[in-house]
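Undergrad: Just model.cif, nothing more (mmCIF, C-alpha atoms and all ligand atoms):
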data_target
loop_
_atom_site.group_PDB
_atom_site.id
_atom_site.type_symbol
_atom_site.label_atom_id
_atom_site.label_comp_id
_atom_site.auth_asym_id
_atom_site.auth_seq_id
_atom_site.Cartn_x
_atom_site.Cartn_y
_atom_site.Cartn_z
ATOM 1 C CA MET A 1 17.467 -5.140 82.448
ATOM 2 C CA SER A 2 17.652 -6.314 86.046
ATOM 3 C CA THR A 3 17.389 -10.028 86.763
ATOM 4 C CA ALA A 4 15.702 -9.528 90.146
ATOM 5 C CA ALA A 5 12.419 -11.304 90.841
ATOM 6 C CA PRO A 6 9.373 -9.519 89.443
ATOM 7 C CA TYR A 7 7.138 -7.816 91.996
ATOM 8 C CA ASN A 8 4.175 -10.112 91.588
ATOM 9 C CA GLN A 9 6.202 -12.837 93.298
ATOM 10 C CA TRP A 10 6.641 -10.667 96.388
ATOM 11 C CA SER A 11 3.583 -11.169 98.447
ATOM 12 C CA VAL A 12 5.104 -10.275 101.820
ATOM 13 C CA ILE A 13 4.866 -6.646 102.844
ATOM 14 C CA ARG A 14 7.941 -5.435 104.678
ATOM 15 C CA MET A 15 8.018 -4.071 108.187
ATOM 16 C CA GLY A 16 9.215 -0.590 107.155
ATOM 17 C CA LEU A 17 5.701 0.609 106.262
ATOM 18 C CA PRO A 18 4.169 3.103 106.263
ATOM 19 C CA VAL A 19 6.463 5.398 104.301
ATOM 20 C CA ILE A 20 6.111 8.946 103.109
ATOM 21 C CA VAL A 21 8.485 10.717 100.735
ATOM 22 C CA VAL A 22 7.977 14.405 99.968
ATOM 23 C CA HIS A 23 9.633 16.849 97.578
ATOM 24 C CA GLY A 24 9.433 20.612 97.312
ATOM 25 C CA GLY A 25 10.555 20.905 93.691
ATOM 26 C CA ALA A 26 13.802 20.387 91.808
ATOM 27 C CA GLY A 27 15.497 23.360 90.220
ATOM 28 C CA LYS A 28 17.918 26.239 90.546
ATOM 29 C CA TRP A 29 17.102 27.044 94.154
ATOM 30 C CA LYS A 30 18.663 30.238 95.528
ATOM 31 C CA ASP A 31 20.950 29.231 98.399
ATOM 32 C CA GLU A 32 19.062 31.289 100.961
ATOM 33 C CA ARG A 33 15.732 29.672 100.033
ATOM 34 C CA ILE A 34 16.916 26.083 100.426
ATOM 35 C CA PRO A 35 16.529 25.892 104.248
ATOM 36 C CA ILE A 36 13.010 27.312 103.857
ATOM 37 C CA GLY A 37 12.119 24.603 101.325
ATOM 38 C CA VAL A 38 13.637 21.914 103.548
ATOM 39 C CA GLU A 39 11.645 23.077 106.559
ATOM 40 C CA GLN A 40 8.402 22.986 104.572
ATOM 41 C CA VAL A 41 8.917 19.450 103.245
ATOM 42 C CA ARG A 42 9.874 18.331 106.755
ATOM 43 C CA GLN A 43 6.621 19.756 108.139
ATOM 44 C CA ALA A 44 4.636 18.334 105.225
ATOM 45 C CA ALA A 45 6.024 14.842 105.867
ATOM 46 C CA LEU A 46 5.078 15.075 109.552
ATOM 47 C CA VAL A 47 1.606 16.372 108.744
ATOM 48 C CA GLY A 48 1.057 13.509 106.272
ATOM 49 C CA PHE A 49 2.434 10.977 108.728
ATOM 50 C CA GLU A 50 0.035 12.212 111.404
ATOM 51 C CA VAL A 51 -2.844 11.255 109.110
ATOM 52 C CA LEU A 52 -1.439 7.729 108.784
ATOM 53 C CA LYS A 53 -1.078 7.476 112.554
ATOM 54 C CA ARG A 54 -4.740 8.368 112.946
ATOM 55 C CA GLY A 55 -5.683 5.492 110.682
ATOM 56 C CA GLY A 56 -5.912 7.452 107.444
ATOM 57 C CA SER A 57 -5.119 5.857 104.110
ATOM 58 C CA ALA A 58 -2.220 6.626 101.794
ATOM 59 C CA LEU A 59 -4.595 8.840 99.800
ATOM 60 C CA ASP A 60 -5.653 10.794 102.888
ATOM 61 C CA ALA A 61 -2.048 11.329 103.924
ATOM 62 C CA ALA A 62 -0.989 12.333 100.413
ATOM 63 C CA GLU A 63 -3.830 14.859 100.166
ATOM 64 C CA VAL A 64 -3.132 16.455 103.553
ATOM 65 C CA CYS A 65 0.635 16.510 102.977
ATOM 66 C CA THR A 66 0.198 18.188 99.580
ATOM 67 C CA ALA A 67 -2.461 20.612 100.856
ATOM 68 C CA TYR A 68 -0.003 21.646 103.568
ATOM 69 C CA MET A 69 2.585 22.555 100.934
ATOM 70 C CA GLU A 70 -0.060 24.372 98.848
ATOM 71 C CA SER A 71 -1.058 26.457 101.887
ATOM 72 C CA CYS A 72 2.371 27.121 103.424
ATOM 73 C CA GLY A 73 3.087 30.139 101.244
ATOM 74 C CA LYS A 74 6.711 29.187 100.582
ATOM 75 C CA LEU A 75 6.659 26.784 97.634
ATOM 76 C CA ASN A 76 5.639 26.846 93.986
ATOM 77 C CA ALA A 77 2.162 25.500 94.617
ATOM 78 C CA GLY A 78 -1.127 26.841 95.921
ATOM 79 C CA VAL A 79 -1.100 30.301 97.511
ATOM 80 C CA SER A 80 2.509 31.076 96.581
ATOM 81 C CA ALA A 81 2.619 29.380 93.172
ATOM 82 C CA ALA A 82 4.534 30.934 90.278
ATOM 83 C CA ARG A 83 2.484 33.387 88.213
ATOM 84 C CA ASN A 84 2.016 33.194 84.456
ATOM 85 C CA LEU A 85 2.915 35.993 82.021
ATOM 86 C CA ASP A 86 -0.374 37.737 82.847
ATOM 87 C CA GLY A 87 0.571 37.700 86.536
ATOM 88 C CA ILE A 88 -2.102 35.087 87.329
ATOM 89 C CA ARG A 89 -1.651 31.861 89.306
ATOM 90 C CA GLU A 90 -2.909 29.033 87.109
ATOM 91 C CA LEU A 91 -2.530 25.803 89.037
ATOM 92 C CA ASP A 92 -2.182 22.157 87.995
ATOM 93 C CA ALA A 93 -2.532 19.194 90.349
ATOM 94 C CA MET A 94 -3.090 15.450 90.358
ATOM 95 C CA ILE A 95 -3.649 12.702 92.889
ATOM 96 C CA VAL A 96 -3.120 9.042 91.990
ATOM 97 C CA ASP A 97 -4.639 6.090 93.843
ATOM 98 C CA GLY A 98 -2.278 3.230 93.088
ATOM 99 C CA SER A 99 -4.395 0.453 94.559
ATOM 100 C CA ARG A 100 -7.203 1.270 92.101
ATOM 101 C CA LEU A 101 -5.011 2.594 89.311
ATOM 102 C CA ASP A 102 -7.146 5.707 89.406
ATOM 103 C CA PHE A 103 -6.426 9.412 89.301
ATOM 104 C CA GLY A 104 -8.002 12.854 89.407
ATOM 105 C CA SER A 105 -6.474 15.950 87.833
ATOM 106 C CA VAL A 106 -7.126 19.637 87.415
ATOM 107 C CA ALA A 107 -5.224 21.995 85.148
ATOM 108 C CA ALA A 108 -4.963 25.755 84.703
ATOM 109 C CA VAL A 109 -7.352 26.468 87.570
ATOM 110 C CA THR A 110 -7.490 29.953 89.066
ATOM 111 C CA GLY A 111 -8.816 31.236 92.392
ATOM 112 C CA ILE A 112 -8.433 27.774 93.967
ATOM 113 C CA TYR A 113 -5.404 27.279 96.178
ATOM 114 C CA ASN A 114 -5.754 23.665 97.265
ATOM 115 C CA PRO A 115 -6.206 22.041 93.858
ATOM 116 C CA ILE A 116 -5.108 18.678 95.284
ATOM 117 C CA SER A 117 -8.423 18.278 97.097
ATOM 118 C CA LEU A 118 -10.334 19.276 93.981
ATOM 119 C CA ALA A 119 -8.336 16.643 92.063
ATOM 120 C CA ARG A 120 -9.362 14.029 94.625
ATOM 121 C CA TYR A 121 -12.992 15.146 94.379
ATOM 122 C CA VAL A 122 -12.795 14.768 90.593
ATOM 123 C CA MET A 123 -11.469 11.216 91.023
ATOM 124 C CA GLU A 124 -13.924 10.134 93.702
ATOM 125 C CA LYS A 125 -17.107 12.040 92.994
ATOM 126 C CA THR A 126 -17.387 12.751 89.280
ATOM 127 C CA PRO A 127 -17.635 10.381 86.312
ATOM 128 C CA HIS A 128 -14.530 12.055 84.845
ATOM 129 C CA LYS A 129 -10.809 12.217 85.603
ATOM 130 C CA PHE A 130 -9.563 15.605 84.474
ATOM 131 C CA PHE A 131 -11.014 19.147 84.458
ATOM 132 C CA ALA A 132 -9.342 22.245 83.090
ATOM 133 C CA GLY A 133 -9.735 26.010 83.293
ATOM 134 C CA GLU A 134 -12.841 28.013 84.124
ATOM 135 C CA ASN A 135 -15.220 25.096 84.333
ATOM 136 C CA ALA A 136 -13.099 23.407 86.998
ATOM 137 C CA ARG A 137 -14.381 26.203 89.245
ATOM 138 C CA ARG A 138 -17.907 24.890 88.812
ATOM 139 C CA VAL A 139 -16.713 21.512 90.049
ATOM 140 C CA TYR A 140 -15.069 23.291 93.002
ATOM 141 C CA ALA A 141 -18.371 25.001 93.832
ATOM 142 C CA GLN A 142 -20.080 21.618 93.674
ATOM 143 C CA MET A 143 -17.379 20.159 95.950
ATOM 144 C CA LEU A 144 -18.046 22.852 98.579
ATOM 145 C CA ALA A 145 -21.819 22.489 98.252
ATOM 146 C CA ASP A 146 -21.443 18.737 98.809
ATOM 147 C CA GLY A 147 -19.493 19.435 102.015
ATOM 148 C CA TYR A 148 -16.621 17.308 100.676
ATOM 149 C CA ARG A 149 -14.019 19.599 102.233
ATOM 150 C CA PRO A 150 -14.499 22.747 104.360
ATOM 151 C CA GLU A 151 -13.271 26.117 103.075
ATOM 152 C CA ARG A 152 -11.284 28.318 105.447
ATOM 153 C CA SER A 153 -11.309 31.433 103.263
ATOM 154 C CA PRO A 154 -12.174 31.935 99.586
ATOM 155 C CA GLY A 155 -10.280 29.336 97.555
ATOM 156 C CA ILE A 156 -8.403 27.928 100.579
ATOM 157 C CA LEU A 157 -9.555 24.727 102.247
ATOM 158 C CA ASP A 158 -9.227 23.708 105.860
ATOM 159 C CA ILE A 159 -7.370 20.428 105.363
ATOM 160 C CA THR A 160 -5.506 18.919 108.274
ATOM 161 C CA ALA A 161 -5.403 15.562 109.987
ATOM 162 C CA GLU A 162 -8.123 16.928 112.292
ATOM 163 C CA THR A 163 -10.495 18.311 109.662
ATOM 164 C CA LEU A 164 -10.227 15.187 107.550
ATOM 165 C CA GLY A 165 -11.452 13.488 110.706
ATOM 166 C CA PRO A 166 -10.856 10.027 111.990
ATOM 167 C CA VAL A 167 -10.763 8.222 108.727
ATOM 168 C CA SER A 168 -11.689 4.702 107.992
ATOM 169 C CA ASP A 169 11.441 26.773 90.723
ATOM 170 C CA ASP A 170 9.731 23.906 91.941
ATOM 171 C CA THR A 171 6.575 21.970 92.322
ATOM 172 C CA VAL A 172 5.469 19.887 95.252
ATOM 173 C CA GLY A 173 4.590 16.226 95.454
ATOM 174 C CA CYS A 174 4.659 13.171 97.619
ATOM 175 C CA VAL A 175 4.474 9.403 97.532
ATOM 176 C CA VAL A 176 2.833 7.552 100.417
ATOM 177 C CA VAL A 177 2.567 3.831 101.113
ATOM 178 C CA ASP A 178 0.297 3.038 104.055
ATOM 179 C CA SER A 179 0.681 0.058 106.350
ATOM 180 C CA GLN A 180 -1.723 -1.938 104.191
ATOM 181 C CA GLY A 181 0.543 -1.408 101.202
ATOM 182 C CA ARG A 182 -1.753 1.029 99.389
ATOM 183 C CA VAL A 183 0.186 3.574 97.371
ATOM 184 C CA ALA A 184 -0.716 7.192 96.549
ATOM 185 C CA ALA A 185 1.244 9.857 94.681
ATOM 186 C CA THR A 186 0.592 13.554 94.100
ATOM 187 C CA SER A 187 1.849 16.593 92.241
ATOM 188 C CA SER A 188 0.769 20.216 92.586
ATOM 189 C CA THR A 189 2.266 23.272 90.953
ATOM 190 C CA GLY A 190 1.969 26.757 89.623
ATOM 191 C CA GLY A 191 4.026 25.497 86.689
ATOM 192 C CA THR A 192 7.051 27.206 85.254
ATOM 193 C CA ARG A 193 7.641 30.866 86.017
ATOM 194 C CA LYS A 194 6.257 33.311 83.438
ATOM 195 C CA LYS A 195 4.613 30.516 81.481
ATOM 196 C CA MET A 196 2.223 31.489 78.704
ATOM 197 C CA PRO A 197 -1.374 31.687 79.958
ATOM 198 C CA GLY A 198 -3.101 28.362 79.438
ATOM 199 C CA ARG A 199 0.145 26.380 79.450
ATOM 200 C CA VAL A 200 -0.137 23.041 81.261
ATOM 201 C CA GLY A 201 2.910 20.996 82.258
ATOM 202 C CA ASP A 202 3.437 17.402 83.349
ATOM 203 C CA SER A 203 2.049 17.716 86.866
ATOM 204 C CA PRO A 204 -1.611 16.836 86.158
ATOM 205 C CA ILE A 205 -0.774 14.191 83.535
ATOM 206 C CA MET A 206 -1.020 10.581 84.737
ATOM 207 C CA GLY A 207 2.290 8.814 84.172
ATOM 208 C CA ALA A 208 4.192 12.066 83.581
ATOM 209 C CA GLY A 209 4.101 14.221 86.750
ATOM 210 C CA ALA A 210 3.184 11.302 89.004
ATOM 211 C CA TYR A 211 2.112 7.684 88.848
ATOM 212 C CA ALA A 212 1.152 4.928 91.275
ATOM 213 C CA ASN A 213 -0.021 1.361 91.028
ATOM 214 C CA GLU A 214 -0.083 -1.705 93.287
ATOM 215 C CA VAL A 215 3.718 -1.905 93.233
ATOM 216 C CA CYS A 216 5.047 1.615 93.734
ATOM 217 C CA GLY A 217 4.478 5.342 93.423
ATOM 218 C CA VAL A 218 6.534 8.035 91.730
ATOM 219 C CA ALA A 219 6.400 11.854 91.699
ATOM 220 C CA ALA A 220 8.426 14.015 89.300
ATOM 221 C CA THR A 221 9.444 17.668 89.258
ATOM 222 C CA GLY A 222 11.256 19.693 86.600
ATOM 223 C CA GLN A 223 10.581 21.078 83.135
ATOM 224 C CA GLY A 224 7.168 19.589 82.404
ATOM 225 C CA GLU A 225 7.472 19.841 78.625
ATOM 226 C CA HIS A 226 10.313 17.299 78.730
ATOM 227 C CA ILE A 227 9.006 15.113 81.568
ATOM 228 C CA ILE A 228 5.899 14.451 79.452
ATOM 229 C CA ARG A 229 8.021 13.352 76.462
ATOM 230 C CA VAL A 230 9.371 10.327 78.336
ATOM 231 C CA LEU A 231 6.302 9.762 80.561
ATOM 232 C CA LEU A 232 8.844 9.887 83.332
ATOM 233 C CA SER A 233 6.839 8.664 86.328
ATOM 234 C CA ARG A 234 5.315 5.689 84.517
ATOM 235 C CA THR A 235 8.705 4.751 83.106
ATOM 236 C CA VAL A 236 10.303 4.773 86.555
ATOM 237 C CA ALA A 237 7.461 2.647 87.982
ATOM 238 C CA LEU A 238 8.087 0.141 85.214
ATOM 239 C CA TYR A 239 11.755 -0.065 86.231
ATOM 240 C CA VAL A 240 10.630 -0.919 89.775
ATOM 241 C CA GLU A 241 8.169 -3.521 88.476
ATOM 242 C CA GLN A 242 11.022 -5.072 86.536
ATOM 243 C CA GLY A 243 13.088 -5.449 89.709
ATOM 244 C CA ASP A 244 15.017 -2.223 90.268
ATOM 245 C CA ASP A 245 15.028 -0.870 93.787
ATOM 246 C CA PRO A 246 13.473 2.622 94.001
ATOM 247 C CA GLN A 247 16.814 4.438 94.172
ATOM 248 C CA LEU A 248 18.146 2.733 91.047
ATOM 249 C CA ALA A 249 14.840 3.273 89.251
ATOM 250 C CA ALA A 250 14.927 7.008 90.076
ATOM 251 C CA ARG A 251 18.487 7.243 88.819
ATOM 252 C CA ARG A 252 17.649 5.422 85.580
ATOM 253 C CA GLY A 253 14.669 7.709 85.077
ATOM 254 C CA ILE A 254 16.808 10.835 85.271
ATOM 255 C CA GLU A 255 19.427 9.255 83.013
ATOM 256 C CA LEU A 256 16.740 8.496 80.443
ATOM 257 C CA LEU A 257 15.437 12.063 80.645
ATOM 258 C CA ILE A 258 18.942 13.436 80.086
ATOM 259 C CA GLU A 259 19.586 11.076 77.185
ATOM 260 C CA LYS A 260 16.298 11.803 75.395
ATOM 261 C CA THR A 261 15.759 15.477 76.204
ATOM 262 C CA GLY A 262 18.842 16.953 77.900
ATOM 263 C CA SER A 263 16.535 18.379 80.564
ATOM 264 C CA GLU A 264 16.658 18.621 84.371
ATOM 265 C CA ALA A 265 14.308 16.974 86.848
ATOM 266 C CA GLY A 266 13.967 15.305 90.206
ATOM 267 C CA LEU A 267 12.160 12.137 91.257
ATOM 268 C CA ILE A 268 10.920 10.546 94.463
ATOM 269 C CA VAL A 269 9.879 6.886 94.572
ATOM 270 C CA ALA A 270 8.466 4.471 97.171
ATOM 271 C CA ASP A 271 7.377 0.863 96.819
ATOM 272 C CA VAL A 272 5.092 -1.511 98.710
ATOM 273 C CA LYS A 273 8.051 -3.243 100.344
ATOM 274 C CA GLY A 274 8.925 0.026 102.102
ATOM 275 C CA GLY A 275 11.748 0.836 99.692
ATOM 276 C CA THR A 276 12.373 4.519 98.939
ATOM 277 C CA GLY A 277 14.504 6.436 96.470
ATOM 278 C CA MET A 278 15.248 9.882 95.066
ATOM 279 C CA TRP A 279 17.439 11.293 92.332
ATOM 280 C CA THR A 280 17.994 14.629 90.614
ATOM 281 C CA ASN A 281 20.269 16.299 88.113
ATOM 282 C CA ALA A 282 19.120 19.760 89.223
ATOM 283 C CA LYS A 283 21.022 21.919 91.694
ATOM 284 C CA ALA A 284 18.705 21.094 94.588
ATOM 285 C CA MET A 285 15.449 19.392 95.551
ATOM 286 C CA PRO A 286 14.261 19.717 99.154
ATOM 287 C CA ALA A 287 13.004 16.279 100.168
ATOM 288 C CA ALA A 288 11.891 14.501 103.330
ATOM 289 C CA VAL A 289 11.446 10.806 104.090
ATOM 290 C CA ILE A 290 9.775 8.964 106.958
ATOM 291 C CA CYS A 291 9.948 5.159 107.035
ATOM 292 C CA GLY A 292 8.030 3.305 109.747
ATOM 293 C CA ASP A 293 7.876 6.001 112.432
ATOM 294 C CA GLU A 294 8.620 9.698 112.868
ATOM 295 C CA SER A 295 11.959 9.141 114.539
ATOM 296 C CA SER A 296 13.262 8.036 111.132
ATOM 297 C CA LEU A 297 12.550 11.466 109.556
ATOM 298 C CA ARG A 298 15.392 12.633 107.314
ATOM 299 C CA VAL A 299 15.685 15.689 105.070
ATOM 300 C CA PHE A 300 17.810 16.361 101.991
ATOM 301 C CA SER A 301 18.348 19.203 99.556
ATOM 302 C CA MET A 302 21.510 19.391 97.413
ATOM 303 C CA ARG A 303 22.003 17.160 94.373
ATOM 304 C CA ASP A 304 24.939 15.177 95.779
ATOM 305 C CA GLU A 305 23.109 14.536 99.021
ATOM 306 C CA ILE A 306 19.975 13.371 97.175
ATOM 307 C CA ASN A 307 21.917 11.123 94.813
ATOM 308 C CA SER A 308 23.841 9.428 97.598
ATOM 309 C CA TYR A 309 20.593 8.758 99.498
ATOM 310 C CA GLU A 310 20.655 5.421 101.268
ATOM 311 C CA PRO A 311 17.247 4.069 102.232
HETATM 312 N N1 LIG B 1 6.913 20.162 86.545
HETATM 313 C C1 LIG B 1 6.375 21.471 86.742
HETATM 314 C C2 LIG B 1 5.830 22.000 85.437
HETATM 315 O O1 LIG B 1 6.488 21.882 84.437
HETATM 316 C C3 LIG B 1 7.354 22.455 87.262
HETATM 317 C C4 LIG B 1 8.196 21.999 88.414
HETATM 318 O O2 LIG B 1 8.316 20.820 88.704
HETATM 319 O O3 LIG B 1 8.794 22.857 89.045
HETATM 320 O O4 LIG B 1 4.771 22.565 85.439
#
Step by step, read the file and then write its structure as structure tokens.
Ligand code: ASP
TA:
Amino acid sequence: MSTAAPYNQWSVIRMGLPVIVVHGGAGKWKDERIPIGVEQVRQAALVGFEVLKRGGSALDAAEVCTAYMESCGKLNAGVSAARNLDGIRELDAMIVDGSRLDFGSVAAVTGIYNPISLARYVMEKTPHKFFAGENARRVYAQMLADGYRPERSPGILDITAETLGPVSDDTVGCVVVDSQGRVAATSSTGGTRKKMPGRVGDSPIMGAGAYANEVCGVAATGQGEHIIRVLLSRTVALYVEQGDDPQLAARRGIELLIEKTGSEAGLIVADVKGGTGMWTNAKAMPAAVICGDESSLRVFSMRDEINSYEP
């Protein structure tokens, strides 16, 4: 275990905030698709950062960034998510509010292409945390009737920095830390290709597909069945709480996953001091990072590049 000072002794927030780290899914990306994935995470990071610049919170930025990736039609989430064995898109998503240790999740939803906003509605506006299947659609109908988010076309929301307003082979996800040190993390996916109908992976499970608290946020991507077994995102957050920097924590998380399950995954991590990290043992994971201001935007994709990331 690291001997570094525990986080609760670090009261000073570093100048590098806000930060946004985005991934477009770890896996066996076809070479020709990698630049497409990289371009989408780059755009998603900028879109999320725009929300922060307009005074939005980490949660607002994380929602808009993830909704962008769900709507872009190029990633395994939202409108272009992987289909199950019946040829249906059954989507899972979660949003985590680290400052309140709160989350909202939806699983196996159909006909809804921005499940991240529904997950946030579940967290903020219902007495529950997690809805699954058919009945999640009733919550979606309630969300629209409440005017919580506008719909652009059936099942697709109009979520941008503007519409959120001035605000007081391969899954997608992000971790955002705003300038007040509030942390949010998301995951959104169509799940694994040709999954059995009704199958739910790690993405909507708090502590597995993503996690955030007052110290850091983590988002995971990979074979959900195995990510759940080691509660990968919570485990990595614990490493950070114990003193690891985010890059080391991400690396240790993947090493643990390999040791316990032999599986493949990718992780992105950010902490309240502005530290960021990423690690994968998959072939590729398109990822983008912005620390402090847009001019710092960097993108990554191949395993070696990700694992030699220097914050
Ligand atoms: N973790 C997702 C799942 O198992 C898949 C992915 O990350 O690509 O549903």
Undergrad: Taking only C-alpha atoms into account, name the residue in A:Lys74, A:Val272, A:Val218, A:Ala136 that is nearest to Ile36 of chain A.
TA: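 The shortest atom-to-atom distance to Ile36 of chain A comes from A:Lys74.
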Undergrad: Check which residues satisfy the PyMOL selection byres (((chain A and resi 255) around 12) and not hetatm) in the file shown, then give them as a ChimeraX atom specification.
TA: /A:230,232,235-236,248-254,256-267,279-281
Undergrad: What is the atom CA of Lys194 of chain A-atom CA of Gly87 of chain A distance in Å, reported with one decimal?
TA: 7.8 Å
Undergrad: What do you get as a PyMOL selection string if you pick all residues at most 9 Å from ligand LIG 1 (chain B), counting all atoms listed in the file?
TA: chain A and resi 24-27+76+91-92+169-173+187-193+195+199-204+209+220-228+265-266
Undergrad: Give me, as a PyMOL selection string, all polymer residues having an atom no more than 7 Å from Pro311 of chain A, counting all atoms listed in the file and skipping those fewer than 4 positions away in the same chain.
TA: chain A and resi 275-277
Undergrad: Within 6 Å of segment 285-295 of chain A, counting all atoms listed in the file, which residues show up once you throw out same-chain ones fewer than 2 positions away? Write them as an NGL selection string, please.
TA: :A and (16-26 or 37-38 or 41-42 or 297-301)
Undergrad: Based on the selection just made, write C-alpha atoms of those residues as a PDB file, keeping the file's coordinate frame.
TA:
ATOM      1  CA  GLY A  16       9.215  -0.590 107.155  1.00  0.00           C
ATOM      2  CA  LEU A  17       5.701   0.609 106.262  1.00  0.00           C
ATOM      3  CA  PRO A  18       4.169   3.103 106.263  1.00  0.00           C
ATOM      4  CA  VAL A  19       6.463   5.398 104.301  1.00  0.00           C
ATOM      5  CA  ILE A  20       6.111   8.946 103.109  1.00  0.00           C
ATOM      6  CA  VAL A  21       8.485  10.717 100.735  1.00  0.00           C
ATOM      7  CA  VAL A  22       7.977  14.405  99.968  1.00  0.00           C
ATOM      8  CA  HIS A  23       9.633  16.849  97.578  1.00  0.00           C
ATOM      9  CA  GLY A  24       9.433  20.612  97.312  1.00  0.00           C
ATOM     10  CA  GLY A  25      10.555  20.905  93.691  1.00  0.00           C
ATOM     11  CA  ALA A  26      13.802  20.387  91.808  1.00  0.00           C
ATOM     12  CA  GLY A  37      12.119  24.603 101.325  1.00  0.00           C
ATOM     13  CA  VAL A  38      13.637  21.914 103.548  1.00  0.00           C
ATOM     14  CA  VAL A  41       8.917  19.450 103.245  1.00  0.00           C
ATOM     15  CA  ARG A  42       9.874  18.331 106.755  1.00  0.00           C
ATOM     16  CA  LEU A 297      12.550  11.466 109.556  1.00  0.00           C
ATOM     17  CA  ARG A 298      15.392  12.633 107.314  1.00  0.00           C
ATOM     18  CA  VAL A 299      15.685  15.689 105.070  1.00  0.00           C
ATOM     19  CA  PHE A 300      17.810  16.361 101.991  1.00  0.00           C
ATOM     20  CA  SER A 301      18.348  19.203  99.556  1.00  0.00           C
TER      21      SER A 301
END
Undergrad: Grab the atom CA of Met278 of chain A to atom CA of Ser308 of chain A distance for me, in Å with one decimal place.
TA: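 Atom CA of Ser308 of chain A lies at a distance of 9.0 Å from atom CA of Met278 of chain A.
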Undergrad: Atom CA of Arg234 of chain A and atom CA of Ala210 of chain A are how many Å apart?
TA: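 Atom CA of Ala210 of chain A lies 7.5 Å from atom CA of Arg234 of chain A.
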Undergrad: From the options A:Glu70, A:Glu162, A:Asp97, A:Asp60, which residue's atoms come nearest to Val183 of chain A, counting all atoms listed in the file?
TA: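 Nearest to Val183 of chain A: A:Asp97.
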Undergrad: So, counting only C-alpha atoms, which residue among A:Val51, A:Ala219, A:Ile112, A:Ile306 is closest to Gln247 of chain A?
TA: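 Between A:Val51, A:Ala219, A:Ile112, A:Ile306, the residue approaching Gln247 of chain A most closely is A:Ile306.
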Undergrad: Ranking A:Asp146, A:Asp271, A:Asp31, A:Asp178 by minimum distance to Gly56 of chain A and counting all atoms listed in the file, which one comes first?
TA: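 For Gly56 of chain A, the nearest of the given residues is A:Asp178.
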Undergrad: Which residues are near Tyr148 of chain A? Cut-off 8 Å, only C-alpha atoms, ignore same chain within fewer than 4 positions. Put them as a list in words.
TA: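 Near Tyr148 of chain A, the qualifying residues are Tyr121, Met143 and Leu144 of chain A.
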Undergrad: Return the single residue from A:Arg138, A:Arg182, A:Arg152, A:Lys283 that is closest to Leu52 of chain A, with distances computed using only C-alpha atoms.
TA: A:Arg182
Undergrad: Using all atoms listed in the file, pick whichever of A:Leu46, A:Met206, A:Met196, A:Ala108 has the shortest atom-to-atom distance to Leu85 of chain A.
TA: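 Ranked by minimum distance to Leu85 of chain A, first place goes to A:Met196.
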Undergrad: Excluding same-chain residues fewer than 6 positions from Met123 of chain A, what lies within 8 Å of it counting only C-alpha atoms, as a ChimeraX atom specification?
TA: /A:102-105,129
Undergrad: Go ahead and save the residues from that selection, with C-alpha atoms, as a PDB file, keeping the file's coordinate frame.
TA:
ATOM      1  CA  ASP A 102      -7.146   5.707  89.406  1.00  0.00           C
ATOM      2  CA  PHE A 103      -6.426   9.412  89.301  1.00  0.00           C
ATOM      3  CA  GLY A 104      -8.002  12.854  89.407  1.00  0.00           C
ATOM      4  CA  SER A 105      -6.474  15.950  87.833  1.00  0.00           C
ATOM      5  CA  LYS A 129     -10.809  12.217  85.603  1.00  0.00           C
TER       6      LYS A 129
END
Undergrad: Where does the PyMOL selection byres (((chain A and resi 132) around 8) and not hetatm) land in this file, that is, which residues does it pick, as a PyMOL selection string?
TA: chain A and resi 106-109+130-131+133-136
Undergrad: Which residues, written as JSON, numbers by chain, have at least one atom at most 6 Å from Val64 of chain A, with all atoms listed in the file counted and residues fewer than 3 positions away on the same chain left out?
TA: {"A": [48, 61, 67, 160]}
Undergrad: Could you save the residues just selected, with C-alpha atoms, as a PDB file, in the coordinates of the input?
TA:
ATOM      1  CA  GLY A  48       1.057  13.509 106.272  1.00  0.00           C
ATOM      2  CA  ALA A  61      -2.048  11.329 103.924  1.00  0.00           C
ATOM      3  CA  ALA A  67      -2.461  20.612 100.856  1.00  0.00           C
ATOM      4  CA  THR A 160      -5.506  18.919 108.274  1.00  0.00           C
TER       5      THR A 160
END
